[in-house]
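**Student:** Quick one: the structure is below, questions incoming.
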2 protein chains.
Amino acid sequence: MSRLDSFIRRLQAQRACLDRAAELIRELPGPILELGLGNGRTYDHLRERLPERDIYVCERQVAAHPDCIPPARFLIIGDVRETLPEARARLGAAVALIHADLGSGDDESNRRQAAELAPLIAGLLQPGGIVVSDQAFVTPRLRVLELPAEVKPGRYFLYRAAGS
Amino acid sequence: MSRLDSFIRRLQAQRACLDRAAELIRELPGPILELGLGNGRTYDHLRERLPERDIYVCERQVAAHPDCIPPARFLIIGDVRETLPEARARLGAAVALIHADLGSGDDESNRRQAAELAPLIAGLLQPGGIVVSDQAFVTPRLRVLELPAEVKPGRYFLYRAAGS
């Protein structure tokens with residue numbers, strides 16, 4: 001499988017998990033939190049699938065396509081290790097869906113970052129809230145959810161927050 | 001259709017056209033020329049599909065994944081407007097396949113660039129040589145080829161060089 005094949009499968013897995021998550025939170029009110037705006041493609045996908053939701057975005061430095069930059073009041077700029085506690089103070093534990101696409105090409109650094117962020121992410125979700133992530137999170141409050149059938153295990157991750 | 005949907009379709013179109021081109025040049029000897037290395041995904045795809053071919057790569061500045069950087073003797077560094085004439089002097093009109101993925105988000109600049117490059121690209125191909133491109137090329141020697149059924153017209157382009 002070439003890197004082109006593998007990249008297409010990763011994007012398809014990401015989209016399938018986001019679409020599943022959008023279904024899972026239909027009846028669950030509350031905002032969405034996108035961790036990492038990047039070029040804005042998944043932000044655009046989420047706002048298209050869930051047009052009625054507030055979508056907050058944490059990003060170190062905005063470099064997205066101009067059409068995919070959230071309104072300033074929904075942007076939380078800075079390092080997520082600092083902005084997630086800020087987001088917790090601002091939004092409370094009321095978030096319905098968090099999408100985290102923060103991984104780099106460095107597996108060891110990804111694992112360290114995921115370990116550090118997992119409890120911060122879990123603390124933002126309301127009971128039943130959903131996490132879609134490119135990294136595995138291991139923290140007591142997050143329960144692994146079954147992936148869409150077409151997603152190979154390990155390619156993307158889905159969790160649901162237990163009661164607080 | 002979200003930007004994520006649209007990006008996935010573009011990559012699927014690109015892959016379908018590269019796979020079609022690999023079939024079309026099975027019986028046609030000669031090297032491959034990749035214009036724009038980028039992250040190296042399509043270079044990786046081409047070398048996987050056509051492992052026996054020499055693949056030359058024109059790139060302004062190499063920034064690909066370390067596993068996807070061609071051996072130095074196949075790298076032609078610089079602006080394609082200068083390196084394509086160099087490539088012509090070095091390879092002759094003997095290239096079997098050119099893949100050009102040079103477009104930016106600026107349509108007007110893309111059209112200007114395509115108009116400038118089309119005759120240079122056509123001049124590198126042997127009779128029957130194939131072009132796969134993210135931009136339309138209009139130049140006497142290049143004949144439009146039918147796209148794979150799953151590719152929407154205008155999403156990617158396929159040409160065959162007429163006799164010299």
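All residue names refer to the structure tokens as shown: chains lettered A, B, ... in order, residues numbered from 1 in each chain, ligands numbered from 1 in order.
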Residues of region 64-155 of chain B in strand (DSSP E or B) according to DSSP, as a list in words?
**Tutor:** Leu75, Ile76, Ile77, Val95, Ala96, Leu97, Ile98, His99, Ala100, Leu125, Gln126, Pro127, Gly128, Gly129, Ile130, Val131, Val132, Ser133, Leu142, Arg143 and Val144 of chain B
**Student:** Please find the residues of chain A near chain B - the criterion being any atom within 10 Å, counting only C-alpha atoms - and write them as a list in words.
**Tutor:**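 Per the criterion, chain A yields Met1, Ser2, Arg3, Leu4, Asp5, Ser6, Phe7, Ile8, Arg9, Arg10, Leu11, Gln12, Gln14, Arg15, Asn39, Gly40, Arg41, Thr42, Tyr43, Asp44, His45, Leu46, Arg47, Glu48, Arg49, His65, Asp67, Cys68 and Gly105 of chain A.
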**Student:** For Glu34 (chain A), which residue among A:Leu18, A:Val138, A:Ala149, A:Leu158 is the nearest when counting only C-alpha atoms?
**Tutor:**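 Between A:Leu18, A:Val138, A:Ala149, A:Leu158, the residue approaching Glu34 (chain A) most closely is A:Leu18.
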**Student:** When DSSP works through the backbone of this structure, what residues of region 42-160 of chain B end up as alpha helix (DSSP H), shown as a VMD selection string?
**Tutor:** chain B and resid 42 to 49 80 to 91 107 to 124
**Student:** Using only C-alpha atoms, determine which residues lie at most 12 Å from Tyr56 (chain A), disregarding the query and same-chain residues fewer than 2 positions distant; provide the list as a CSV table (one decimal) with C-alpha atoms, in the first residue's frame.
**Tutor:**
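Written out: around.csv:
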chain,number,residue,atom,x,y,z
A,30,GLY,CA,-23.8,21.3,23.8
A,31,PRO,CA,-21.0,22.7,21.7
A,32,ILE,CA,-18.3,21.0,19.7
A,33,LEU,CA,-14.5,21.5,20.3
A,34,GLU,CA,-12.1,21.0,17.4
A,35,LEU,CA,-8.5,20.5,18.6
A,36,GLY,CA,-6.2,21.5,15.8
A,37,LEU,CA,-7.7,23.5,12.9
A,43,TYR,CA,-13.9,22.0,10.8
A,46,LEU,CA,-18.3,19.4,11.1
A,47,ARG,CA,-20.1,22.7,10.5
A,53,ARG,CA,-23.9,23.8,16.7
A,54,ASP,CA,-21.3,26.1,18.2
A,58,CYS,CA,-8.2,25.4,19.7
A,59,GLU,CA,-5.2,26.1,17.4
A,69,ILE,CA,-11.5,30.1,9.7
A,70,PRO,CA,-14.0,30.2,12.6
A,71,PRO,CA,-15.4,33.5,13.8
A,72,ALA,CA,-13.0,35.1,16.3
A,73,ARG,CA,-15.3,34.4,19.3
A,74,PHE,CA,-15.0,30.6,18.7
A,75,LEU,CA,-11.2,30.6,18.3
A,76,ILE,CA,-9.0,29.7,21.3
A,77,ILE,CA,-5.4,30.4,20.3
A,83,THR,CA,-5.9,26.4,26.3
A,84,LEU,CA,-7.8,23.3,27.3
A,87,ALA,CA,-11.7,26.1,27.6
A,88,ARG,CA,-12.8,24.2,30.7
A,90,ARG,CA,-15.2,29.0,29.8
A,91,LEU,CA,-17.4,26.1,28.6
A,95,VAL,CA,-19.1,19.8,25.5
A,96,ALA,CA,-20.9,17.2,23.3
A,97,LEU,CA,-18.1,16.3,20.9
A,98,ILE,CA,-14.4,16.8,20.8
A,99,HIS,CA,-12.4,16.1,17.7
**Student:** One decimal, in Å: what's the spacing between CA of Pro29 (chain A) and CA of Cys17 (chain A)?
**Tutor:** 18.9 Å
**Student:** Within 12 Å of Ser104 (chain B), counting only C-alpha atoms, which residues qualify if same-chain residues fewer than 3 places away don't, as number ranges by chain?
**Tutor:** A: 65; B: 36, 38, 101, 107-114, 134-135
**Student:** Please dump the current selection as a short mmCIF file (atom, residue, chain, number, x, y, z; two decimals), in the first residue's frame; keep C-alpha atoms.
**Tutor:**
data_model
loop_
_atom_site.label_atom_id
_atom_site.label_comp_id
_atom_site.auth_asym_id
_atom_site.auth_seq_id
_atom_site.Cartn_x
_atom_site.Cartn_y
_atom_site.Cartn_z
CA HIS A 65 -8.06 28.15 4.08
CA GLY B 36 6.28 18.61 -7.82
CA GLY B 38 5.34 17.76 -2.28
CA ASP B 101 0.69 18.31 -9.59
CA ASP B 107 -6.85 29.78 -10.43
CA GLU B 108 -5.45 32.64 -12.51
CA SER B 109 -1.85 31.80 -11.61
CA ASN B 110 -2.57 28.10 -12.32
CA ARG B 111 -3.84 28.93 -15.82
CA ARG B 112 -0.81 31.09 -16.59
CA GLN B 113 1.56 28.40 -15.35
CA ALA B 114 -0.22 25.65 -17.30
CA ASP B 134 -4.14 18.52 -11.87
CA GLN B 135 -4.35 21.33 -14.47
#
**Student:** Residues near Arg141 (chain B), anyone? I mean within 8 Å using only C-alpha atoms, not counting same-chain ones fewer than 6 positions away, as number ranges by chain.
**Tutor:** B: 122, 161-164
**Student:** Would you save the residues from that selection as a short mmCIF file (atom, residue, chain, number, x, y, z; two decimals), in the first residue's frame, using C-alpha atoms?
**Tutor:**
data_model
loop_
_atom_site.label_atom_id
_atom_site.label_comp_id
_atom_site.auth_asym_id
_atom_site.auth_seq_id
_atom_site.Cartn_x
_atom_site.Cartn_y
_atom_site.Cartn_z
CA ALA B 122 4.74 18.01 -24.45
CA ALA B 161 1.29 12.72 -26.81
CA ALA B 162 0.81 12.44 -30.55
CA GLY B 163 3.71 11.38 -32.80
CA SER B 164 6.54 13.93 -32.75
#
**Student:** CA of Leu28 (chain B) and CA of Gly128 (chain B) are how many Å apart?
**Tutor:**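 Separating CA of Leu28 (chain B) from CA of Gly128 (chain B) is a distance of 7.8 Å.
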**Student:** Just to confirm, what's the straight-line distance from CA of Ser133 (chain A) to CA of Asp19 (chain A) in Å (one decimal)?
**Tutor:**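 CA of Asp19 (chain A) lies at a distance of 13.0 Å from CA of Ser133 (chain A).
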